[in-house]
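*Asks:* Questions regarding the structure given below will be posed in turn.
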Amino acid sequence: MWSYVIRRVLQMIPTLFGVMLLLFILFNWVGGDPSYILAGKSLSDETLASIRAQLGLDQSLPAQFLIFVKQVLTLDFGTSWVTQQPVSETIASRIVPSLTLMTAWLVTSTVLAISIAGLVAYFRASLLDRTVTMISTVAMSVSVLVYIILGQYFLAYRLQLFPVLGWSDNLWTNLTTYVPLPLILGLAVSLAPDVRFYRSCFLEEMNHDYVRTARAKGLSERSVMVRHVMRNAMIPIVTQLMMYLPFMIVGALLLERFFGIPGMGREVLLSVERSDFPMIKAITIYIVMAIMVFNLLADLVYHWLDPRVQLK
Amino acid sequence: MKNMTAFISAMCVAMSPLAAVAADMEKTLDVAFVTYPTGYDPAKVSDAYSIAINSNIFDPMVTYDYLARPATLIPNTIEAMPTITNDGKTYTIKIRPGIYFSADPIFGGTPRELTAADYIYSIKRHLDPTINSPWSYLVDGKFVGAEEMVAAANGGALDYDAEIEGLRALDTYTLEINLTATNYNFMYVLATDAFGAVAREVIEGYVDNTNAHPVGTGPYILKEGETSSVIELVANPDYREMTFDFAADPANPISVQAAADMAGKQLPVIGNVRVHVIEEEQPVWLSFLNGELDYTGIPQPALREALVINPDDPLDVRLADEFVAQGMTLQRQKALEVTYTYFNMNDPVVGGYEPQQIALRRAIALAWPINETIARIRRGQAVPVQYVVPEGVAGHNPNFVGQTGYDPAKANALLDAAGYAIGADGFRTQPDGSPLSIEFATGTSAIDREWNEFYQQAFDSIKVKLTFKEGQWSELAKESMEGTLQMWGLAWGADYPDGDNFMQLLYGPNTGDANAAGFDQPDYNRMYEESILLPNGPERQALYDQMNEIVVGYQPWIFGDVRVGSTISHPNVKGLVVHPILNSAWRYVDLVE
């Protein structure tokens, strides 16, 4: 297994290089010239040239790319072009609120979705199954913005069940006061597609011969579902989870904007609006690294769940 | 940064040698910004949100009378308005003794008094090539000897110890400014918050991150910075003694009430200010209704809920009964701005100064449905621009009508007469028979698309082919400066309430800078040069009128609109009077249960 892991880690190097090259080309092609934003109303040639020199934009493109490579190798992306604050400091301050919300969301959503999906799959074709399927279909056709706007208006403003928005420096206060409403609305968005997907995973496994065999052997339904069906159904579920995990870094843009959560989602949007390349570079590289690591992790989990999966 | 700011705040209180804070530390004012400030170094930031914070931390030499309208300059940290001699070229200014910077570890526990040298240093920073101040355009070339000083720096840092004739400290408290040209209105520039005093040792002590260490002489100090969704300010315990003694504007009942409520109170009254960063309009409005914000601008989607708007005159509004019953107060304020769509005067199709070329621009202006865009996009909360200098700015003429009026029939007749014939494809051609197609620069947001529908409608009505060039603002700004765009819509907000700040937008030598249209008309240029030598008065006004006639005649701009903002406050907020320039006058406000 270790040789597999080492081989995959080595494969990450050219992948990362490719992403860096693509990001660099894209930014220089369509990223905008930040000197015009930083100059404000002082748009003289001298000021613009001086800003470009300070940002290193007067250097040749290969030289700029080499600086980028060095930044990735040292994971030091310098300072933001706009705020002049260290990129690492900004990301460190923004990632905690995003992870607080996203972890709560992902854990709750996964536990609920797997439980509901397992239940309705077990009672397939029953009234419960049909009701859940219908509710899921309706819930999936409603835009996320509708959930947020209506949820905030009725639950926070009209019924006063939650604060309209807010965030504090205290984790417990955040989890008990400020996270619940965005979490509920996030669940309203994510639960329906997850339940439908996981239900189909369970149903597919339940129709296999080995399930019939297990039942014929006299195993209890609980044992069949938990030990056999769920274990095999977990492979596509793990795949989906591993796809979600890297994006926890960027948070939930709309939820953060509407609920005043100072997370990464807002920072990503601001960085793009302001052509703040150091921030964009750092966030993109961290996401790519996370995707690669979680992909590797997914493969290892497949092997753990089903030893027939070979790590080659 | 969070730990550092907390440490500095604690040190400020502990080391304060003059601790005599008058503010009630139990009171907290809650307001909202729609985005984060970019930083707190006055020479490095120019976004409205950073300025709003900085204006409470740093002190420019002069400020605006809180209640006087139109906006009127008054001394801030100086004893009296400056003595202006030498034909408007020499300003002699006496700094008031006994004003101190807020305590900071960098001062080593010693009270640090504000001096003339601090203002010289603070002004010079805007000329420093290594700082790239977004405000440098206000002072470039203005001071005797400054250009030589900047040239000597050769792109590096200025030699701040080198004295120049343009900025001299005659003694600890006396500052002499020598300008290169007559300018009776220069104090408007120095009233800009960007020219608030910083201490050299603070800037040099935190040179790696000056944006995160604001230390000034203003009424508040920064407690919590950018890392949170709430920016917190606390009253500066070292703030000089200052009482509310402004005379009310008798024409404004809110101003009269504020003067009565606040008279004699020591400023700042409120000990804490929390600025919540809320990007979306709904949560801003709901937070205000929930009492989580003390006052707010009314977001567009909430206008119909909050206001009763006269359908025949959308500017005739009053607060909805539901809010009146709760004791809330509405204030309205026209922005000190002009919006306009410019034609690139150097473009072979839409530019030029010949009658045929003017006819094309005039026709497009005549096809522009300004009243409809105000009704539909601005929801009635704007007025058409009629003069290059907007209302509330010295040099405005309320009797001048600069709009062409909406008349597509006349526009078509004008184009027919000018030789822009309709071709086989149904679109007009140029007078020489070549195809006529105009490219309009635009952003990519939903509101941009809304505007573009009206542009399309206007061009269709005169049968002129229109295409859109979409791009990010920074890219379009670059192309605009290089003179490669044909048309683009822009806005200019007042840096200071004097007409010069607006009339320079069409001054020929400012092409490629503030003059995006590249308008370069000799008579306009000559009159502008004459106008800057004059103080505000009938002589300058006559010049401004003639210059506006030239603008209307040559049509380098389609005049746009001026937005009218609505601010609503809870009944416990006292002293709040919306000011056209001071956009975060928290020091003048009180909260009374």
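Within each chain, counting starts at residue 1; across the structure tokens, chains are named A, B, ... in the order shown, with ligands numbered 1 upward in that order.
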Find the residues of chain A in contact range of chain B, meaning any atom within 8 Å when counting only C-alpha atoms, and list them as a PyMOL selection string.

*Replies:* chain A and resi 32-44+47+50-51+54+82-85+89-90+93-94+149+152-153+157+164-167+257-262

*Asks:* Mind checking which residues fall within 9 Å of segment 572-574 of chain B, counting only C-alpha atoms, ignoring those fewer than 4 positions away in the same chain, and posting them as a PyMOL selection string?

*Replies:* chain B and resi 29+257-258+261-262+294-295+327-328+588-593

*Asks:* Residues near His228 of chain A, anyone? I mean within 12 Å using only C-alpha atoms, not counting same-chain ones fewer than 6 positions away, as JSON, numbers by chain.

*Replies:* {"A": [202, 205, 206, 207, 208, 209, 210, 211, 212, 213, 214, 215, 219, 220, 221, 222, 234, 305, 306]}

*Asks:* Could you take the residues named above and write them with N, CA and C atoms, as a CSV table (one decimal), in the first residue's frame?

*Replies:*
chain,number,residue,atom,x,y,z
A,202,PHE,N,-28.5,2.3,-1.9
A,202,PHE,CA,-28.9,1.2,-1.0
A,202,PHE,C,-29.8,0.2,-1.9
A,205,GLU,N,-27.8,-2.1,-4.1
A,205,GLU,CA,-27.2,-3.2,-3.4
A,205,GLU,C,-28.2,-4.3,-2.9
A,206,MET,N,-29.4,-3.8,-2.5
A,206,MET,CA,-30.4,-4.7,-1.9
A,206,MET,C,-30.9,-5.7,-2.9
A,207,ASN,N,-30.7,-5.3,-4.2
A,207,ASN,CA,-31.2,-6.2,-5.3
A,207,ASN,C,-30.2,-7.3,-5.7
A,208,HIS,N,-29.0,-7.2,-5.1
A,208,HIS,CA,-27.9,-8.2,-5.5
A,208,HIS,C,-28.2,-9.6,-4.9
A,209,ASP,N,-27.5,-10.6,-5.5
A,209,ASP,CA,-27.7,-11.9,-5.1
A,209,ASP,C,-27.2,-12.2,-3.7
A,210,TYR,N,-26.1,-11.5,-3.3
A,210,TYR,CA,-25.5,-11.8,-2.0
A,210,TYR,C,-26.5,-11.4,-0.9
A,211,VAL,N,-27.4,-10.5,-1.1
A,211,VAL,CA,-28.3,-10.1,-0.1
A,211,VAL,C,-29.4,-11.2,0.1
A,212,ARG,N,-29.8,-11.7,-1.1
A,212,ARG,CA,-30.7,-12.9,-1.1
A,212,ARG,C,-30.1,-14.0,-0.3
A,213,THR,N,-28.8,-14.3,-0.6
A,213,THR,CA,-28.1,-15.4,0.0
A,213,THR,C,-28.0,-15.2,1.5
A,214,ALA,N,-27.7,-13.9,1.9
A,214,ALA,CA,-27.6,-13.6,3.4
A,214,ALA,C,-28.9,-13.9,4.1
A,215,ARG,N,-30.0,-13.5,3.4
A,215,ARG,CA,-31.3,-13.7,4.0
A,215,ARG,C,-31.6,-15.2,4.1
A,219,LEU,N,-29.9,-14.7,8.3
A,219,LEU,CA,-29.4,-13.5,9.0
A,219,LEU,C,-30.6,-12.6,9.2
A,220,SER,N,-30.5,-11.8,10.3
A,220,SER,CA,-31.6,-10.9,10.6
A,220,SER,C,-31.5,-9.7,9.6
A,221,GLU,N,-32.7,-9.0,9.4
A,221,GLU,CA,-32.7,-7.9,8.4
A,221,GLU,C,-31.7,-6.8,8.8
A,222,ARG,N,-31.6,-6.6,10.1
A,222,ARG,CA,-30.7,-5.6,10.6
A,222,ARG,C,-29.3,-5.9,10.2
A,234,MET,N,-21.7,2.0,0.7
A,234,MET,CA,-20.8,3.1,1.2
A,234,MET,C,-19.8,3.5,0.1
A,305,LEU,N,-13.0,-0.6,2.8
A,305,LEU,CA,-14.4,-1.1,2.8
A,305,LEU,C,-14.6,-2.4,2.0
A,306,ASP,N,-13.9,-2.5,0.9
A,306,ASP,CA,-14.0,-3.7,0.1
A,306,ASP,C,-12.6,-4.2,-0.3

*Asks:* Write out as a list in words each polymer residue whose atoms come within 7 Å of segment 61-63 of chain B, counting only C-alpha atoms; drop sequence neighbours fewer than 4 positions from it.

*Replies:* Leu73, Ile74, Pro75, Asn76, Thr77, Ile78, Leu190 and Ala191 of chain B

*Asks:* Could you please take those selected residues and save C-alpha atoms as an mmCIF file, in the first residue's frame?

*Replies:*
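Full text of part06.cif as output:
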data_model
loop_
_atom_site.group_PDB
_atom_site.id
_atom_site.type_symbol
_atom_site.label_atom_id
_atom_site.label_comp_id
_atom_site.auth_asym_id
_atom_site.auth_seq_id
_atom_site.Cartn_x
_atom_site.Cartn_y
_atom_site.Cartn_z
ATOM 1 C CA LEU B 73 -15.384 74.096 5.964
ATOM 2 C CA ILE B 74 -14.444 74.750 9.582
ATOM 3 C CA PRO B 75 -11.181 74.352 11.508
ATOM 4 C CA ASN B 76 -10.620 70.888 12.944
ATOM 5 C CA THR B 77 -7.153 70.665 14.448
ATOM 6 C CA ILE B 78 -6.185 74.228 13.566
ATOM 7 C CA LEU B 190 -6.789 69.181 2.810
ATOM 8 C CA ALA B 191 -10.233 68.465 4.288
#

*Asks:* Please compute the atom CA of Pro307 of chain A-atom CA of Val195 of chain A distance, one decimal, in Å.

*Replies:*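 Atom CA of Pro307 of chain A sits 26.6 Å away from atom CA of Val195 of chain A.
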
*Asks:* Run DSSP on the backbone and grab whatever in segment 183-362 of chain B lands in alpha helix (DSSP H); send it over as an NGL selection string.

*Replies:* :B and (186-190 or 200-205 or 253-262 or 281-289 or 303-306 or 321-325 or 355-362)

*Asks:* Those same residues, written as a PDB file, in the first residue's frame with C-alpha atoms?

*Replies:*
ATOM      1  CA  PHE B 186      -6.952  74.214  -1.607  1.00  0.00           C
ATOM      2  CA  MET B 187      -8.321  73.718   1.903  1.00  0.00           C
ATOM      3  CA  TYR B 188     -11.045  71.555   0.339  1.00  0.00           C
ATOM      4  CA  VAL B 189      -8.275  69.147  -0.676  1.00  0.00           C
ATOM      5  CA  LEU B 190      -6.789  69.181   2.810  1.00  0.00           C
ATOM      6  CA  ARG B 200       6.018  59.256  11.416  1.00  0.00           C
ATOM      7  CA  GLU B 201       7.249  56.929  14.151  1.00  0.00           C
ATOM      8  CA  VAL B 202       4.047  54.871  13.908  1.00  0.00           C
ATOM      9  CA  ILE B 203       4.325  54.512  10.144  1.00  0.00           C
ATOM     10  CA  GLU B 204       8.021  53.628  10.384  1.00  0.00           C
ATOM     11  CA  GLY B 205       7.445  51.352  13.378  1.00  0.00           C
ATOM     12  CA  PRO B 253     -36.394  70.166  11.144  1.00  0.00           C
ATOM     13  CA  ILE B 254     -34.098  67.173  11.664  1.00  0.00           C
ATOM     14  CA  SER B 255     -31.128  69.515  11.922  1.00  0.00           C
ATOM     15  CA  VAL B 256     -33.019  71.710  14.408  1.00  0.00           C
ATOM     16  CA  GLN B 257     -33.933  68.670  16.505  1.00  0.00           C
ATOM     17  CA  ALA B 258     -30.357  67.366  16.422  1.00  0.00           C
ATOM     18  CA  ALA B 259     -28.988  70.711  17.574  1.00  0.00           C
ATOM     19  CA  ALA B 260     -31.487  70.749  20.446  1.00  0.00           C
ATOM     20  CA  ASP B 261     -30.755  67.144  21.443  1.00  0.00           C
ATOM     21  CA  MET B 262     -26.990  67.430  21.302  1.00  0.00           C
ATOM     22  CA  GLU B 281     -29.671  43.800   1.302  1.00  0.00           C
ATOM     23  CA  GLN B 282     -32.267  41.595   3.017  1.00  0.00           C
ATOM     24  CA  PRO B 283     -30.242  40.890   6.168  1.00  0.00           C
ATOM     25  CA  VAL B 284     -29.336  44.572   6.440  1.00  0.00           C
ATOM     26  CA  TRP B 285     -32.982  45.526   6.390  1.00  0.00           C
ATOM     27  CA  LEU B 286     -34.138  42.728   8.706  1.00  0.00           C
ATOM     28  CA  SER B 287     -31.320  43.497  11.150  1.00  0.00           C
ATOM     29  CA  PHE B 288     -32.448  47.100  11.252  1.00  0.00           C
ATOM     30  CA  LEU B 289     -36.085  46.120  11.773  1.00  0.00           C
ATOM     31  CA  LEU B 303     -38.168  51.081  -0.572  1.00  0.00           C
ATOM     32  CA  ARG B 304     -41.780  50.153  -1.244  1.00  0.00           C
ATOM     33  CA  GLU B 305     -42.184  48.753   2.260  1.00  0.00           C
ATOM     34  CA  ALA B 306     -40.529  51.678   4.012  1.00  0.00           C
ATOM     35  CA  ASP B 321     -47.146  54.881   8.712  1.00  0.00           C
ATOM     36  CA  GLU B 322     -45.966  51.635  10.305  1.00  0.00           C
ATOM     37  CA  PHE B 323     -42.505  53.125  10.810  1.00  0.00           C
ATOM     38  CA  VAL B 324     -43.712  56.575  11.776  1.00  0.00           C
ATOM     39  CA  ALA B 325     -45.758  54.928  14.524  1.00  0.00           C
ATOM     40  CA  PRO B 355     -21.175  69.166 -36.939  1.00  0.00           C
ATOM     41  CA  GLN B 356     -21.841  65.718 -38.400  1.00  0.00           C
ATOM     42  CA  GLN B 357     -20.046  64.039 -35.497  1.00  0.00           C
ATOM     43  CA  ILE B 358     -21.814  66.235 -32.957  1.00  0.00           C
ATOM     44  CA  ALA B 359     -25.124  65.309 -34.599  1.00  0.00           C
ATOM     45  CA  LEU B 360     -24.504  61.608 -34.023  1.00  0.00           C
ATOM     46  CA  ARG B 361     -23.753  62.151 -30.335  1.00  0.00           C
ATOM     47  CA  ARG B 362     -26.713  64.493 -29.925  1.00  0.00           C
TER      48      ARG B 362
END

*Asks:* Nearest residue to Val338 of chain B out of B:Asp500, B:Asp561, B:Asp313, B:Asp238, using only C-alpha atoms?

*Replies:* B:Asp561

*Asks:* What is the atom CA of Pro435 of chain B to atom CA of Gly351 of chain B distance in Å?

*Replies:*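 Between atom CA of Pro435 of chain B and atom CA of Gly351 of chain B the gap works out to 16.0 Å.
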
*Asks:* Which parts of segment 246-373 of chain B does DSSP call strand (DSSP E or B) when run on the backbone here, written out as a VMD selection string?

*Replies:* chain B and resid 266 270 to 277 295 to 297 307 to 310 313 to 319 329 to 334 337 to 343

*Asks:* Can I get the selection written as an mmCIF file, in the first residue's frame, with C-alpha atoms?

*Replies:*
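Resulting contents of selection06.cif:
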data_model
loop_
_atom_site.group_PDB
_atom_site.id
_atom_site.type_symbol
_atom_site.label_atom_id
_atom_site.label_comp_id
_atom_site.auth_asym_id
_atom_site.auth_seq_id
_atom_site.Cartn_x
_atom_site.Cartn_y
_atom_site.Cartn_z
ATOM 1 C CA GLN B 266 -18.962 66.452 24.942
ATOM 2 C CA ILE B 270 -20.994 56.940 22.342
ATOM 3 C CA GLY B 271 -18.198 54.765 23.659
ATOM 4 C CA ASN B 272 -18.332 51.922 21.152
ATOM 5 C CA VAL B 273 -19.141 51.635 17.489
ATOM 6 C CA ARG B 274 -19.693 48.250 15.879
ATOM 7 C CA VAL B 275 -19.640 48.134 12.108
ATOM 8 C CA HIS B 276 -21.234 44.927 10.845
ATOM 9 C CA VAL B 277 -20.164 43.802 7.388
ATOM 10 C CA TYR B 295 -29.707 53.241 11.475
ATOM 11 C CA THR B 296 -29.232 52.233 7.865
ATOM 12 C CA GLY B 297 -29.636 53.315 4.299
ATOM 13 C CA LEU B 307 -41.699 54.634 1.959
ATOM 14 C CA VAL B 308 -44.940 56.006 0.633
ATOM 15 C CA ILE B 309 -43.937 57.220 -2.829
ATOM 16 C CA ASN B 310 -46.079 59.655 -4.793
ATOM 17 C CA ASP B 313 -43.450 62.469 -8.346
ATOM 18 C CA PRO B 314 -41.293 59.610 -7.046
ATOM 19 C CA LEU B 315 -39.102 62.057 -5.153
ATOM 20 C CA ASP B 316 -42.093 63.100 -3.071
ATOM 21 C CA VAL B 317 -41.813 60.448 -0.380
ATOM 22 C CA ARG B 318 -42.630 60.008 3.251
ATOM 23 C CA LEU B 319 -42.002 57.256 5.750
ATOM 24 C CA THR B 329 -36.984 59.052 11.266
ATOM 25 C CA LEU B 330 -36.363 59.312 7.519
ATOM 26 C CA GLN B 331 -33.642 61.468 5.990
ATOM 27 C CA ARG B 332 -33.071 62.034 2.298
ATOM 28 C CA GLN B 333 -29.838 63.114 0.673
ATOM 29 C CA LYS B 334 -28.859 63.694 -2.932
ATOM 30 C CA GLU B 337 -22.013 62.944 -7.746
ATOM 31 C CA VAL B 338 -22.644 62.942 -11.437
ATOM 32 C CA THR B 339 -23.153 59.872 -13.575
ATOM 33 C CA TYR B 340 -22.581 60.097 -17.291
ATOM 34 C CA THR B 341 -22.023 58.099 -20.428
ATOM 35 C CA TYR B 342 -19.015 59.362 -22.285
ATOM 36 C CA PHE B 343 -18.165 59.314 -25.968
#
